[in-house]
Amino acid sequence: MIIALGTTVVSTAQTPVQNQNPNYRQSKELYQRIADSINAEQGTTSQRTYKAIDYLADKAEAREQRRADRHELRMQRARWGYSNWNVGWYPSFGLGYGWQRPYYYRRF
Amino acid sequence: MNIKSYAIALTALITLTTTACSRKVTRIDPGEQIDLSGRWNNTDSRLAAEQLTGQILTERWLEDHNKEKKERPTVIVGMITNKSHEHIDAETFTKDIEQSFVRTSTVRLVQGGEKRAAIRAERADQQTNASTTTMKQFGLERGADYMLQGNISSIVDSQKRQKVVYYQINLELTNLETNEIVWIGDKKIAKYVKN
């Protein structure tokens, strides 16, 4: 039985091949632990895009931002009412959010 | 308002509703070159696939492998990294390359990633649900000899309404045992866009 078990262990263990680094097991054990997470991305495209300097694209983006800002301003005015004092960004009455902010944050 | 006015208004309404929503869609040949925005499109993907397929199937690594191992090489497709300024899915051209491997039978292809996990899950399911004669065994998968990896890079040079966009697609084939890169293929695409 002991001989049979020993034969099985020897046959399943990887026998070092010629010129193989004797410390190969360290690397093997390390990568066997992380293989699943790395291999899950096989056959896929990792998107690591960057933002290019593009005059027209930047211009369009700035226009879109201004449009979004104007929309936000309109929504705030509809909610809180128009006020000359704080241009409608924060409540013009009560202890609203605008009162808790330092004066330099307010838009006059 | 008399009847004539009603008729004119009705005609105008019908004309407006039928012409305002007229969208026209026509099927085109996927090989036809149509550039609309100047961004990466199907023509670029097709050109990349054609050139890279031509390179990978005709270059020396294949001959060297066949000579050394006396059998077809087995390849697994790894990850492609898109480092360009646009969202590009490399699968549109890597699938064409994979297809050429299978069609020409010069290279064996093995499944990787999520699809391989799905295959293994199905095999695991067979261990308890399939008949013993049809059940597939674990531990008999074909190990790949090489991994195909790559990256897409770009350079954008723009001035006011003019732009030059340069894409470079690099694919590499690395020996899984020795870590040696046995093949590097590339496709370079440059576009001049004037708005």
# chains A, B, ... in the order shown; residues from 1 in each chain; ligands from 1
>>> interface_residues(of="chain B", to="chain A", cutoff="12 Å", atoms="only C-alpha atoms", output="PyMOL selection string")
chain B and resi 37+75-95+98+110-118+147-166+177-178+193-195
>>> select_by_dssp(residues="region 67-155 of chain B", states="alpha helix (DSSP H)", output="PyMOL selection string")
chain B and resi 67-69+91-104+113-129
>>> decode(residues="region 5-121 of chain B", atoms="C-alpha atoms", output="compact mmCIF listing (two decimals), in the first residue's frame")
# COMPACT_ATOMS: atom_id res chain seq x y z
CA SER B 5 -59.44 76.87 -45.46
CA TYR B 6 -60.05 73.57 -43.65
CA ALA B 7 -58.82 71.64 -46.72
CA ILE B 8 -55.64 73.73 -46.95
CA ALA B 9 -54.95 73.29 -43.23
CA LEU B 10 -55.55 69.52 -43.45
CA THR B 11 -53.26 69.18 -46.47
CA ALA B 12 -50.55 71.17 -44.70
CA LEU B 13 -50.91 68.99 -41.60
CA ILE B 14 -50.66 65.75 -43.57
CA THR B 15 -47.64 67.02 -45.52
CA LEU B 16 -45.93 68.07 -42.30
CA THR B 17 -46.53 64.80 -40.49
CA THR B 18 -45.45 62.62 -43.39
CA THR B 19 -42.28 64.55 -44.24
CA ALA B 20 -41.11 65.53 -40.74
CA CYS B 21 -40.64 61.95 -39.54
CA SER B 22 -39.11 60.53 -42.70
CA ARG B 23 -36.10 58.44 -41.71
CA LYS B 24 -34.47 56.45 -44.43
CA VAL B 25 -32.47 53.34 -43.66
CA THR B 26 -30.73 51.31 -46.34
CA ARG B 27 -28.62 48.19 -46.04
CA ILE B 28 -25.06 48.66 -47.26
CA ASP B 29 -22.22 46.29 -48.02
CA PRO B 30 -20.03 45.89 -44.88
CA GLY B 31 -17.01 46.21 -47.19
CA GLU B 32 -18.09 49.63 -48.42
CA GLN B 33 -16.07 52.56 -47.11
CA ILE B 34 -18.23 55.27 -45.57
CA ASP B 35 -16.52 57.79 -43.30
CA LEU B 36 -18.86 60.09 -41.39
CA SER B 37 -17.15 61.49 -38.31
CA GLY B 38 -13.53 60.52 -38.86
CA ARG B 39 -13.59 58.31 -35.78
CA TRP B 40 -12.70 54.60 -35.72
CA ASN B 41 -15.22 52.72 -37.83
CA ASN B 42 -15.96 49.41 -39.53
CA THR B 43 -13.55 50.14 -42.39
CA ASP B 44 -10.66 50.58 -39.95
CA SER B 45 -11.57 47.36 -38.19
CA ARG B 46 -11.78 45.49 -41.49
CA LEU B 47 -8.44 46.85 -42.72
CA ALA B 48 -6.79 45.89 -39.43
CA ALA B 49 -8.23 42.38 -39.60
CA GLU B 50 -7.16 41.87 -43.22
CA GLN B 51 -3.59 43.01 -42.69
CA LEU B 52 -3.03 41.24 -39.38
CA THR B 53 -4.56 38.00 -40.62
CA GLY B 54 -2.32 38.12 -43.68
CA GLN B 55 0.74 38.69 -41.50
CA ILE B 56 0.07 36.09 -38.81
CA LEU B 57 -0.67 33.27 -41.24
CA THR B 58 2.28 33.82 -43.53
CA GLU B 59 5.18 34.70 -41.28
CA ARG B 60 8.03 32.54 -40.06
CA TRP B 61 6.81 31.57 -36.58
CA LEU B 62 4.31 29.13 -38.07
CA GLU B 63 6.91 27.34 -40.15
CA ASP B 64 9.35 27.25 -37.21
CA HIS B 65 6.74 25.72 -34.93
CA ASN B 66 5.68 23.09 -37.45
CA LYS B 67 9.29 22.15 -38.03
CA GLU B 68 10.11 21.88 -34.33
CA LYS B 69 6.96 20.28 -32.95
CA LYS B 70 5.68 18.46 -36.04
CA GLU B 71 2.15 19.66 -35.35
CA ARG B 72 -0.03 22.74 -35.68
CA PRO B 73 0.45 25.42 -33.01
CA THR B 74 -2.33 26.07 -30.49
CA VAL B 75 -3.16 29.69 -29.76
CA ILE B 76 -5.24 31.36 -27.07
CA VAL B 77 -6.40 34.96 -27.41
CA GLY B 78 -5.45 37.10 -24.43
CA MET B 79 -6.35 40.67 -23.61
CA ILE B 80 -6.15 43.60 -26.02
CA THR B 81 -5.55 46.96 -24.39
CA ASN B 82 -7.11 50.01 -25.96
CA LYS B 83 -4.87 52.96 -25.14
CA SER B 84 -6.29 55.20 -27.83
CA HIS B 85 -8.53 58.26 -27.35
CA GLU B 86 -11.67 56.42 -28.54
CA HIS B 87 -13.71 53.51 -27.35
CA ILE B 88 -12.66 50.62 -29.60
CA ASP B 89 -13.73 47.03 -29.20
CA ALA B 90 -10.86 44.91 -30.52
CA GLU B 91 -13.11 41.88 -30.81
CA THR B 92 -14.33 43.21 -34.16
CA PHE B 93 -10.97 42.36 -35.70
CA THR B 94 -9.60 39.67 -33.38
CA LYS B 95 -12.65 37.53 -34.22
CA ASP B 96 -11.74 37.78 -37.90
CA ILE B 97 -8.23 36.57 -37.09
CA GLU B 98 -9.60 33.70 -35.00
CA GLN B 99 -11.93 32.80 -37.83
CA SER B 100 -9.02 32.64 -40.24
CA PHE B 101 -7.22 30.21 -37.87
CA VAL B 102 -10.17 27.88 -37.82
CA ARG B 103 -10.99 28.19 -41.53
CA THR B 104 -7.49 27.60 -42.79
CA SER B 105 -6.77 24.86 -40.21
CA THR B 106 -3.20 26.09 -39.89
CA VAL B 107 -3.52 27.05 -36.25
CA ARG B 108 -5.50 25.40 -33.46
CA LEU B 109 -7.52 27.78 -31.32
CA VAL B 110 -8.54 27.23 -27.71
CA GLN B 111 -11.18 29.09 -25.76
CA GLY B 112 -10.23 31.48 -22.98
CA GLY B 113 -11.78 33.89 -20.48
CA GLU B 114 -15.47 33.82 -19.62
CA LYS B 115 -16.36 31.45 -22.43
CA ARG B 116 -13.88 28.87 -21.16
CA ALA B 117 -15.34 29.26 -17.68
CA ALA B 118 -18.79 28.58 -19.17
CA ILE B 119 -17.47 25.45 -20.91
CA ARG B 120 -15.97 24.20 -17.66
CA ALA B 121 -19.20 24.91 -15.81
